[in-house]
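One file, query_24.tsv, carrying TSV, C-alpha atoms (C1' of nucleotides):
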chain	number	residue	atom	x	y	z
A	1	MET	CA	156.63	-81.55	-114.42
A	2	GLU	CA	159.21	-78.83	-115.03
A	3	GLN	CA	157.17	-76.07	-116.59
A	4	GLU	CA	159.14	-74.01	-119.00
A	5	LEU	CA	158.35	-70.39	-119.68
A	6	THR	CA	158.77	-68.24	-122.75
A	7	ILE	CA	160.81	-65.06	-122.61
A	8	GLN	CA	157.62	-63.04	-122.58
A	9	GLN	CA	156.32	-64.89	-119.56
A	10	VAL	CA	159.61	-64.47	-117.74
A	11	ALA	CA	159.56	-60.77	-118.50
A	12	GLU	CA	156.15	-60.52	-116.89
A	13	ALA	CA	157.18	-62.66	-113.95
A	14	THR	CA	160.37	-60.78	-113.17
A	15	GLY	CA	159.59	-57.25	-114.23
A	16	LEU	CA	162.55	-57.18	-116.59
A	17	SER	CA	161.96	-56.51	-120.27
A	18	VAL	CA	162.55	-59.20	-122.89
A	19	HIS	CA	165.31	-56.99	-124.21
A	20	THR	CA	166.97	-56.94	-120.82
A	21	LEU	CA	166.64	-60.70	-120.43
A	22	ARG	CA	168.43	-61.27	-123.73
A	23	TYR	CA	170.97	-58.60	-122.83
A	24	TYR	CA	171.73	-60.29	-119.51
A	25	GLU	CA	172.23	-63.60	-121.24
A	26	ARG	CA	174.44	-62.01	-123.87
A	27	CYS	CA	176.74	-60.55	-121.24
A	28	ASP	CA	176.91	-63.78	-119.28
A	29	LEU	CA	174.86	-62.82	-116.30
A	30	ILE	CA	172.57	-65.66	-117.25
A	31	ALA	CA	173.96	-68.96	-118.56
A	32	PRO	CA	172.69	-69.97	-122.01
A	33	ILE	CA	169.02	-70.78	-121.66
A	34	GLN	CA	167.62	-74.04	-123.04
A	35	ARG	CA	165.94	-73.80	-126.40
A	36	SER	CA	162.79	-75.27	-127.86
A	37	PRO	CA	163.18	-77.22	-131.11
A	38	SER	CA	162.45	-73.98	-132.96
A	39	GLY	CA	165.28	-72.17	-131.17
A	40	HIS	CA	163.10	-70.19	-128.76
A	41	ARG	CA	164.23	-69.78	-125.17
A	42	ARG	CA	162.54	-71.93	-122.55
A	43	TYR	CA	163.21	-70.80	-119.01
A	44	SER	CA	163.13	-73.28	-116.13
A	45	SER	CA	162.08	-72.33	-112.63
A	46	THR	CA	165.73	-72.52	-111.65
A	47	ASP	CA	166.52	-69.91	-114.28
A	48	ILE	CA	163.79	-67.72	-112.94
A	49	ARG	CA	165.03	-67.92	-109.38
A	50	TRP	CA	168.49	-66.99	-110.59
A	51	ILE	CA	167.12	-64.04	-112.53
A	52	GLU	CA	165.16	-62.88	-109.54
A	53	PHE	CA	168.26	-62.94	-107.39
A	54	LEU	CA	170.24	-61.12	-110.05
A	55	ASN	CA	167.55	-58.50	-110.07
A	56	LYS	CA	167.86	-57.99	-106.34
A	57	LEU	CA	171.56	-57.43	-106.75
A	58	ARG	CA	170.84	-54.87	-109.46
A	59	LEU	CA	168.15	-53.14	-107.43
A	60	THR	CA	170.59	-52.73	-104.60
A	61	GLY	CA	172.95	-51.02	-107.01
A	62	MET	CA	175.46	-53.74	-107.79
A	63	PRO	CA	177.13	-52.87	-111.10
A	64	ILE	CA	176.84	-55.30	-114.00
A	65	ARG	CA	180.60	-55.92	-113.88
A	66	GLN	CA	180.39	-57.23	-110.36
A	67	MET	CA	177.35	-59.34	-111.10
A	68	GLN	CA	179.32	-60.84	-113.97
A	69	ARG	CA	182.07	-61.83	-111.57
A	70	TYR	CA	179.54	-63.33	-109.20
A	71	ALA	CA	177.79	-65.21	-111.98
A	72	ALA	CA	181.10	-66.54	-113.23
A	73	LEU	CA	181.91	-67.88	-109.76
A	74	VAL	CA	178.60	-69.67	-109.60
A	75	ARG	CA	179.05	-71.15	-113.06
A	76	GLU	CA	182.63	-72.21	-112.57
A	77	HIS	CA	182.32	-73.65	-109.08
A	78	PRO	CA	178.67	-74.52	-108.62
A	79	ASP	CA	179.33	-76.94	-105.79
A	80	ASP	CA	182.13	-75.32	-103.85
A	81	GLY	CA	184.05	-72.09	-103.44
A	82	PHE	CA	181.23	-70.62	-101.46
A	83	HIS	CA	183.71	-68.56	-99.54
A	84	GLU	CA	184.52	-66.09	-102.29
A	85	ARG	CA	180.88	-65.70	-103.21
A	86	ARG	CA	179.99	-65.05	-99.60
A	87	GLN	CA	182.75	-62.46	-99.38
A	88	MET	CA	181.40	-60.68	-102.45
A	89	LEU	CA	177.93	-60.59	-101.00
A	90	GLU	CA	179.18	-59.41	-97.64
A	91	ALA	CA	181.14	-56.59	-99.25
A	92	HIS	CA	178.05	-55.64	-101.19
A	93	ARG	CA	175.97	-55.87	-98.06
A	94	GLN	CA	178.10	-53.19	-96.43
A	95	VAL	CA	177.69	-50.97	-99.46
A	96	VAL	CA	173.92	-51.33	-99.31
A	97	ILE	CA	173.81	-50.63	-95.60
A	98	GLU	CA	175.83	-47.48	-96.13
A	99	GLN	CA	173.52	-46.54	-98.98
A	100	ILE	CA	170.48	-46.88	-96.75
A	101	ARG	CA	172.15	-44.86	-94.02
A	102	GLN	CA	172.92	-42.06	-96.46
A	103	LEU	CA	169.39	-42.05	-97.81
A	104	GLN	CA	168.03	-41.78	-94.30
A	105	ASP	CA	170.40	-38.93	-93.47
A	106	ASN	CA	169.51	-37.00	-96.57
A	107	LEU	CA	165.84	-37.72	-96.10
A	108	ALA	CA	166.05	-36.13	-92.67
A	109	VAL	CA	167.23	-32.89	-94.25
A	110	ILE	CA	164.43	-33.02	-96.79
A	111	ASP	CA	161.95	-33.63	-93.98
A	112	TRP	CA	163.35	-30.66	-92.16
A	113	LYS	CA	162.78	-28.51	-95.22
A	114	ILE	CA	159.25	-29.75	-95.69
A	115	GLN	CA	158.57	-28.81	-92.09
A	116	HIS	CA	160.11	-25.43	-92.72
A	117	TYR	CA	157.88	-24.81	-95.74
A	118	THR	CA	154.87	-25.85	-93.74
A	119	GLU	CA	155.69	-23.17	-91.19
A	120	LEU	CA	156.29	-20.55	-93.87
A	121	GLU	CA	152.96	-21.41	-95.44
A	122	ALA	CA	151.22	-21.05	-92.11
A	123	ASN	CA	152.90	-17.69	-91.53
A	124	ALA	CA	151.89	-16.51	-94.97
A	125	LYS	CA	148.24	-17.44	-94.28
A	126	HIS	CA	148.24	-15.35	-91.13
A	127	SER	CA	149.75	-12.43	-93.03
A	128	GLY	CA	152.86	-12.59	-90.95
A	129	LEU	CA	150.96	-11.78	-87.73
A	130	PHE	CA	152.32	-14.86	-86.07
A	131	LYS	CA	155.99	-15.43	-86.33
A	132	ALA	CA	156.96	-18.78	-84.91
A	133	PRO	CA	158.97	-18.02	-81.80
A	134	GLY	CA	162.65	-18.78	-81.80
A	135	GLN	CA	162.60	-19.47	-85.53
A	136	SER	CA	165.19	-17.18	-86.98
A	137	VAL	CA	165.24	-18.30	-90.55
A	138	PRO	CA	168.34	-17.61	-92.61
A	139	PRO	CA	167.31	-16.04	-95.93
A	140	SER	CA	168.97	-18.81	-97.85
A	141	TYR	CA	166.57	-21.40	-96.47
A	142	ARG	CA	163.59	-20.77	-98.62
B	143	MET	CA	182.35	-10.37	-93.59
B	144	GLU	CA	180.88	-12.48	-96.41
B	145	GLN	CA	183.73	-14.78	-97.31
B	146	GLU	CA	183.64	-15.80	-100.91
B	147	LEU	CA	185.06	-19.07	-102.11
B	148	THR	CA	186.64	-20.11	-105.38
B	149	ILE	CA	185.18	-22.94	-107.41
B	150	GLN	CA	188.03	-25.17	-106.24
B	151	GLN	CA	187.23	-24.51	-102.61
B	152	VAL	CA	183.55	-25.15	-103.16
B	153	ALA	CA	184.39	-28.43	-104.88
B	154	GLU	CA	186.36	-29.49	-101.83
B	155	ALA	CA	183.66	-28.30	-99.46
B	156	THR	CA	180.77	-30.02	-101.24
B	157	GLY	CA	182.37	-33.10	-102.72
B	158	LEU	CA	181.25	-32.15	-106.21
B	159	SER	CA	183.86	-31.65	-108.92
B	160	VAL	CA	184.54	-28.24	-110.41
B	161	HIS	CA	183.20	-29.67	-113.66
B	162	THR	CA	179.97	-30.63	-111.98
B	163	LEU	CA	179.63	-27.23	-110.33
B	164	ARG	CA	179.92	-25.48	-113.69
B	165	TYR	CA	177.59	-28.06	-115.23
B	166	TYR	CA	174.96	-27.42	-112.56
B	167	GLU	CA	175.18	-23.71	-113.16
B	168	ARG	CA	174.96	-24.18	-116.92
B	169	CYS	CA	171.76	-26.15	-116.64
B	170	ASP	CA	170.19	-23.70	-114.21
B	171	LEU	CA	170.35	-25.75	-111.07
B	172	ILE	CA	172.46	-22.97	-109.63
B	173	ALA	CA	171.70	-19.35	-110.40
B	174	PRO	CA	174.55	-17.41	-112.01
B	175	ILE	CA	177.29	-17.08	-109.45
B	176	GLN	CA	178.87	-13.71	-108.72
B	177	ARG	CA	182.16	-13.04	-110.45
B	178	SER	CA	185.40	-11.47	-109.37
B	179	PRO	CA	186.67	-8.58	-111.52
B	180	SER	CA	188.62	-11.12	-113.52
B	181	GLY	CA	185.49	-13.15	-114.28
B	182	HIS	CA	186.18	-15.98	-111.84
B	183	ARG	CA	183.29	-17.37	-109.82
B	184	ARG	CA	183.02	-16.31	-106.20
B	185	TYR	CA	180.61	-18.44	-104.18
B	186	SER	CA	178.83	-17.02	-101.14
B	187	SER	CA	177.87	-19.13	-98.15
B	188	THR	CA	174.28	-18.93	-99.37
B	189	ASP	CA	175.35	-20.48	-102.65
B	190	ILE	CA	177.11	-23.23	-100.77
B	191	ARG	CA	174.09	-24.05	-98.66
B	192	TRP	CA	171.98	-24.24	-101.81
B	193	ILE	CA	174.50	-26.52	-103.49
B	194	GLU	CA	174.58	-28.75	-100.44
B	195	PHE	CA	170.83	-29.09	-100.49
B	196	LEU	CA	170.85	-29.77	-104.23
B	197	ASN	CA	173.36	-32.50	-103.57
B	198	LYS	CA	171.09	-34.12	-101.03
B	199	LEU	CA	168.31	-34.18	-103.58
B	200	ARG	CA	170.69	-35.79	-106.08
B	201	LEU	CA	171.96	-38.32	-103.58
B	202	THR	CA	168.41	-39.38	-102.88
B	203	GLY	CA	167.97	-39.99	-106.59
B	204	MET	CA	166.04	-36.94	-107.71
B	205	PRO	CA	166.59	-36.54	-111.48
B	206	ILE	CA	168.20	-33.35	-112.76
B	207	ARG	CA	164.96	-32.43	-114.55
B	208	GLN	CA	163.06	-32.36	-111.33
B	209	MET	CA	165.76	-30.42	-109.54
B	210	GLN	CA	165.57	-27.91	-112.39
B	211	ARG	CA	161.86	-27.48	-111.74
B	212	TYR	CA	162.49	-27.05	-108.06
B	213	ALA	CA	165.30	-24.56	-108.63
B	214	ALA	CA	163.09	-22.59	-111.02
B	215	LEU	CA	160.38	-22.36	-108.38
B	216	VAL	CA	162.85	-21.03	-105.84
B	217	ARG	CA	164.23	-18.50	-108.29
B	218	GLU	CA	160.89	-17.31	-109.58
B	219	HIS	CA	159.07	-17.10	-106.27
B	220	PRO	CA	161.74	-16.79	-103.63
B	221	ASP	CA	159.38	-15.33	-101.04
B	222	ASP	CA	156.16	-17.19	-101.61
B	223	GLY	CA	154.70	-20.20	-103.38
B	224	PHE	CA	156.06	-22.50	-100.73
B	225	HIS	CA	153.14	-24.79	-101.30
B	226	GLU	CA	154.27	-26.18	-104.66
B	227	ARG	CA	157.82	-26.60	-103.45
B	228	ARG	CA	156.61	-28.44	-100.38
B	229	GLN	CA	154.49	-30.68	-102.56
B	230	MET	CA	157.47	-31.52	-104.73
B	231	LEU	CA	159.56	-32.39	-101.72
B	232	GLU	CA	156.77	-34.47	-100.21
B	233	ALA	CA	156.34	-36.42	-103.42
B	234	HIS	CA	160.05	-37.00	-103.51
B	235	ARG	CA	160.02	-37.97	-99.86
B	236	GLN	CA	157.63	-40.79	-100.65
B	237	VAL	CA	159.87	-41.97	-103.45
B	238	VAL	CA	162.86	-42.04	-101.12
B	239	ILE	CA	160.96	-43.90	-98.43
B	240	GLU	CA	159.91	-46.51	-100.96
B	241	GLN	CA	163.49	-46.72	-102.19
B	242	ILE	CA	164.72	-47.39	-98.65
B	243	ARG	CA	162.03	-50.00	-98.12
B	244	GLN	CA	163.03	-51.79	-101.32
B	245	LEU	CA	166.69	-51.71	-100.41
B	246	GLN	CA	165.89	-53.23	-97.04
B	247	ASP	CA	163.75	-55.95	-98.62
B	248	ASN	CA	166.41	-56.87	-101.13
B	249	LEU	CA	169.10	-56.70	-98.49
B	250	ALA	CA	167.17	-59.26	-96.47
B	251	VAL	CA	167.39	-61.70	-99.37
B	252	ILE	CA	171.11	-61.06	-99.72
B	253	ASP	CA	171.51	-61.61	-95.99
B	254	TRP	CA	169.63	-64.86	-96.30
B	255	LYS	CA	172.01	-65.97	-99.02
B	256	ILE	CA	175.09	-65.02	-97.03
B	257	GLN	CA	173.73	-67.11	-94.18
B	258	HIS	CA	173.14	-69.94	-96.59
B	259	TYR	CA	176.70	-69.81	-97.88
B	260	THR	CA	177.99	-69.77	-94.34
B	261	GLU	CA	176.15	-73.02	-93.68
B	262	LEU	CA	177.39	-74.59	-96.91
B	263	GLU	CA	180.94	-73.62	-96.00
B	264	ALA	CA	180.58	-75.19	-92.60
B	265	ASN	CA	179.19	-78.38	-94.12
B	266	ALA	CA	182.06	-78.52	-96.59
B	267	LYS	CA	184.57	-78.23	-93.76
B	268	HIS	CA	183.05	-81.25	-91.99
B	269	SER	CA	183.19	-83.24	-95.20
B	270	GLY	CA	179.44	-83.42	-95.35
B	271	LEU	CA	179.23	-85.44	-92.13
B	272	PHE	CA	176.86	-82.93	-90.65
B	273	LYS	CA	173.98	-81.92	-92.77
B	274	ALA	CA	172.01	-79.15	-91.15
B	275	PRO	CA	168.66	-80.66	-90.18
B	276	GLY	CA	165.58	-79.55	-92.03
B	277	GLN	CA	167.68	-77.75	-94.60
B	278	SER	CA	166.65	-79.20	-97.89
B	279	VAL	CA	168.48	-76.94	-100.24
B	280	PRO	CA	167.12	-76.59	-103.75
B	281	PRO	CA	169.96	-77.05	-106.26
B	282	SER	CA	169.34	-73.62	-107.68
B	283	TYR	CA	170.30	-71.92	-104.44
B	284	ARG	CA	174.01	-72.17	-104.63
C	285	DG	C1'	208.57	-9.75	-119.59
C	286	DC	C1'	207.82	-14.64	-118.71
C	287	DT	C1'	206.28	-18.68	-116.38
C	288	DT	C1'	202.99	-20.94	-113.63
C	289	DG	C1'	198.71	-22.12	-112.11
C	290	DA	C1'	194.00	-21.36	-111.51
C	291	DC	C1'	190.39	-19.90	-113.85
C	292	DT	C1'	187.05	-19.22	-118.24
C	293	DT	C1'	184.07	-21.10	-122.35
C	294	DA	C1'	181.77	-24.10	-125.82
C	295	DG	C1'	181.41	-28.27	-127.01
C	296	DA	C1'	182.97	-33.13	-127.41
C	297	DG	C1'	183.33	-37.61	-125.13
C	298	DC	C1'	182.30	-41.24	-121.91
C	299	DA	C1'	180.32	-45.00	-118.84
C	300	DC	C1'	176.47	-47.30	-117.75
C	301	DA	C1'	172.50	-49.95	-118.49
C	302	DC	C1'	169.57	-50.65	-121.16
C	303	DT	C1'	166.40	-50.24	-125.47
C	304	DC	C1'	165.40	-50.49	-130.03
C	305	DT	C1'	165.84	-51.78	-135.08
C	306	DA	C1'	166.04	-54.58	-139.15
C	307	DA	C1'	165.89	-58.66	-141.23
C	308	DC	C1'	164.67	-63.04	-140.65
C	309	DC	C1'	162.25	-67.46	-138.68
C	310	DT	C1'	158.39	-70.36	-136.87
C	311	DC	C1'	154.14	-71.73	-135.09
C	312	DT	C1'	148.99	-71.42	-135.02
C	313	DA	C1'	144.54	-70.28	-136.82
C	314	DC	C1'	141.74	-69.52	-140.44
D	315	DG	C1'	148.85	-70.89	-147.95
D	316	DT	C1'	148.68	-66.73	-145.73
D	317	DA	C1'	148.19	-63.52	-141.81
D	318	DG	C1'	149.68	-62.47	-137.45
D	319	DA	C1'	151.85	-63.11	-133.10
D	320	DG	C1'	155.85	-64.02	-131.10
D	321	DG	C1'	160.43	-65.53	-131.37
D	322	DT	C1'	165.69	-65.02	-133.17
D	323	DT	C1'	170.28	-62.26	-134.11
D	324	DA	C1'	173.88	-58.60	-134.52
D	325	DG	C1'	174.46	-54.32	-133.94
D	326	DA	C1'	173.04	-49.45	-133.53
D	327	DG	C1'	170.87	-45.90	-130.65
D	328	DT	C1'	169.36	-43.58	-126.29
D	329	DG	C1'	169.12	-41.12	-121.80
D	330	DT	C1'	171.38	-39.73	-117.80
D	331	DG	C1'	174.84	-37.44	-115.53
D	332	DC	C1'	178.67	-36.26	-115.60
D	333	DT	C1'	183.77	-35.57	-117.30
D	334	DC	C1'	187.12	-33.96	-120.18
D	335	DT	C1'	189.44	-31.08	-123.89
D	336	DA	C1'	191.15	-27.14	-126.30
D	337	DA	C1'	191.99	-22.65	-126.57
D	338	DG	C1'	192.10	-18.71	-124.22
D	339	DT	C1'	192.32	-15.11	-119.97
D	340	DC	C1'	194.24	-13.40	-115.81
D	341	DA	C1'	197.17	-12.46	-111.58
D	342	DA	C1'	201.25	-13.36	-108.88
D	343	DG	C1'	206.04	-14.32	-108.38
D	344	DC	C1'	210.62	-14.48	-110.30
Take the structure in the file and write it out as structure tokens.
Amino acid sequence: MEQELTIQQVAEATGLSVHTLRYYERCDLIAPIQRSPSGHRRYSSTDIRWIEFLNKLRLTGMPIRQMQRYAALVREHPDDGFHERRQMLEAHRQVVIEQIRQLQDNLAVIDWKIQHYTELEANAKHSGLFKAPGQSVPPSYR
Amino acid sequence: MEQELTIQQVAEATGLSVHTLRYYERCDLIAPIQRSPSGHRRYSSTDIRWIEFLNKLRLTGMPIRQMQRYAALVREHPDDGFHERRQMLEAHRQVVIEQIRQLQDNLAVIDWKIQHYTELEANAKHSGLFKAPGQSVPPSYR
DNA sequence: GCTTGACTTAGAGCACACTCTAACCTCTAC
DNA sequence: GTAGAGGTTAGAGTGTGCTCTAAGTCAAGC
């Protein structure tokens, strides 16, 4: 009942390219995938779940190097040594949280600037007749 | 009263390297900086505020190309044409918001996995005597 | 005058993560 | 049996954003 997918199908399912899938396998992020009699890759649903998790690590900015370490831990101690893996994920978790915080901070500044432009546009429309009160705008903030 | 900073001081103030500062100027993200009689760059506080804003765009993932477009708009129409600049920032804003959303989504999965490892660790400690109820763990989720 | 250290330039080099190429193989349909 | 779609490999190439190098200039202190 285990349905096995071709590399093309996995690419579509995961959003990674076939090139990337082979690349990940080549650099040991993915353990060697089973082959059909003709030598073509046949991905199991377990493989796909692993790839999807890998992808989440990537999308949160984990470098390939670190994913390699994580993948090696899983391969070498599939049934124990959860502690080190958890520690890796927790360290990464902190990095991601910080990343989100920074994005939010910087977004606030961008929002501020959008607001500022909106006011300048409004002023321009009214030919400068209305100057927003209390808005002394430094010339550098254009 | 305009205090002018050296490239080294600006690097310290902004967190960018002196190399990066020169690189940004070379590719027109920063307009040509004033020079001392000896040809050394002298940054004004206006320059620094611009660089800081640039950096926020970078840190939110805006590509250099796009920052170049934005910088060109500011240079070419410093006192009007706020509309296009606002549009650029608003488009970027949406990208950043989506980026944050994705990070949060993926972080949730990582959190789930950390939790899962925590449970596996606890089970291992009790020599498998206690199996968390209702936790049928697929073998792929290790 | 000479050393030291901070600056200048053009251009080369690098790390990262893919992405593509060339040459070859294999299955299916006609 | 041949075309065409899709697979395989090793290895080269690409885009992005820096980062560094080499060779030279300049100002201050000894």
_Residue contacts of Ile193 (chain B) (9 Å, all atoms listed in the file) excluding same-chain residues fewer than 6 positions away, as a PyMOL selection string_ = chain B and resi 156+163+171-172
With the cut-off set at 8 Å and counting all atoms listed in the file, tabulate each residue of chain B with an atom at most that distance from an atom of chain D, showing the nearest atom pair and its distance in Å to one decimal, ordered by chain and increasing number, as a Markdown table.
| residue | atom | partner | partner_atom | distance |
| --- | --- | --- | --- | --- |
| B:His161 | CA | D:DT333 | C1' | 7.0 |
| B:Thr162 | CA | D:DC332 | C1' | 6.8 |
| B:Ser180 | CA | D:DC340 | C1' | 6.5 |
If the cut-off is 12 Å, can you tell me the residues of chain A near chain C, counting all atoms listed in the file? I'd like them as a PDB file with C-alpha atoms, keeping the file's coordinate frame.
ATOM      1  CA  LEU A  16     162.550 -57.180-116.590  1.00  0.00           C
ATOM      2  CA  SER A  17     161.960 -56.510-120.270  1.00  0.00           C
ATOM      3  CA  VAL A  18     162.550 -59.200-122.890  1.00  0.00           C
ATOM      4  CA  HIS A  19     165.310 -56.990-124.210  1.00  0.00           C
ATOM      5  CA  THR A  20     166.970 -56.940-120.820  1.00  0.00           C
ATOM      6  CA  LEU A  21     166.640 -60.700-120.430  1.00  0.00           C
ATOM      7  CA  ARG A  22     168.430 -61.270-123.730  1.00  0.00           C
ATOM      8  CA  TYR A  23     170.970 -58.600-122.830  1.00  0.00           C
ATOM      9  CA  TYR A  24     171.730 -60.290-119.510  1.00  0.00           C
ATOM     10  CA  CYS A  27     176.740 -60.550-121.240  1.00  0.00           C
ATOM     11  CA  SER A  36     162.790 -75.270-127.860  1.00  0.00           C
ATOM     12  CA  PRO A  37     163.180 -77.220-131.110  1.00  0.00           C
ATOM     13  CA  SER A  38     162.450 -73.980-132.960  1.00  0.00           C
ATOM     14  CA  GLY A  39     165.280 -72.170-131.170  1.00  0.00           C
ATOM     15  CA  HIS A  40     163.100 -70.190-128.760  1.00  0.00           C
ATOM     16  CA  ARG A  58     170.840 -54.870-109.460  1.00  0.00           C
ATOM     17  CA  GLY A  61     172.950 -51.020-107.010  1.00  0.00           C
ATOM     18  CA  MET A  62     175.460 -53.740-107.790  1.00  0.00           C
ATOM     19  CA  PRO A  63     177.130 -52.870-111.100  1.00  0.00           C
ATOM     20  CA  ILE A  64     176.840 -55.300-114.000  1.00  0.00           C
ATOM     21  CA  ARG A  65     180.600 -55.920-113.880  1.00  0.00           C
TER      22      ARG A  65
END
_Near-Thr148 (chain B) list (8 Å; only C-alpha atoms (C1' of nucleotides); drop same-chain fewer than 3 positions) as an MDAnalysis selection string_ = chainID B and resid 151:152 182:185
*Tell me the residues of chain B close to chain A, meaning within 8 Å using only C-alpha atoms, as a ChimeraX atom specification.*
/B:188,191-192,198-199,201-202,216,220-222,224-225,227-228,231-232,235,238,242,245-246,248-249,251-253,256,259-260,262-263,266,282,284
*When you draw a straight line from CA of Asp28 (chain A) to CA of Trp254 (chain B), how long is it in Å?*
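Calculated distance between CA of Asp28 (chain A) and CA of Trp254 (chain B) is 24.1 Å.
Of note, CA of Ser186 (chain B) and CA of Arg211 (chain B) are spaced 22.6 Å apart.
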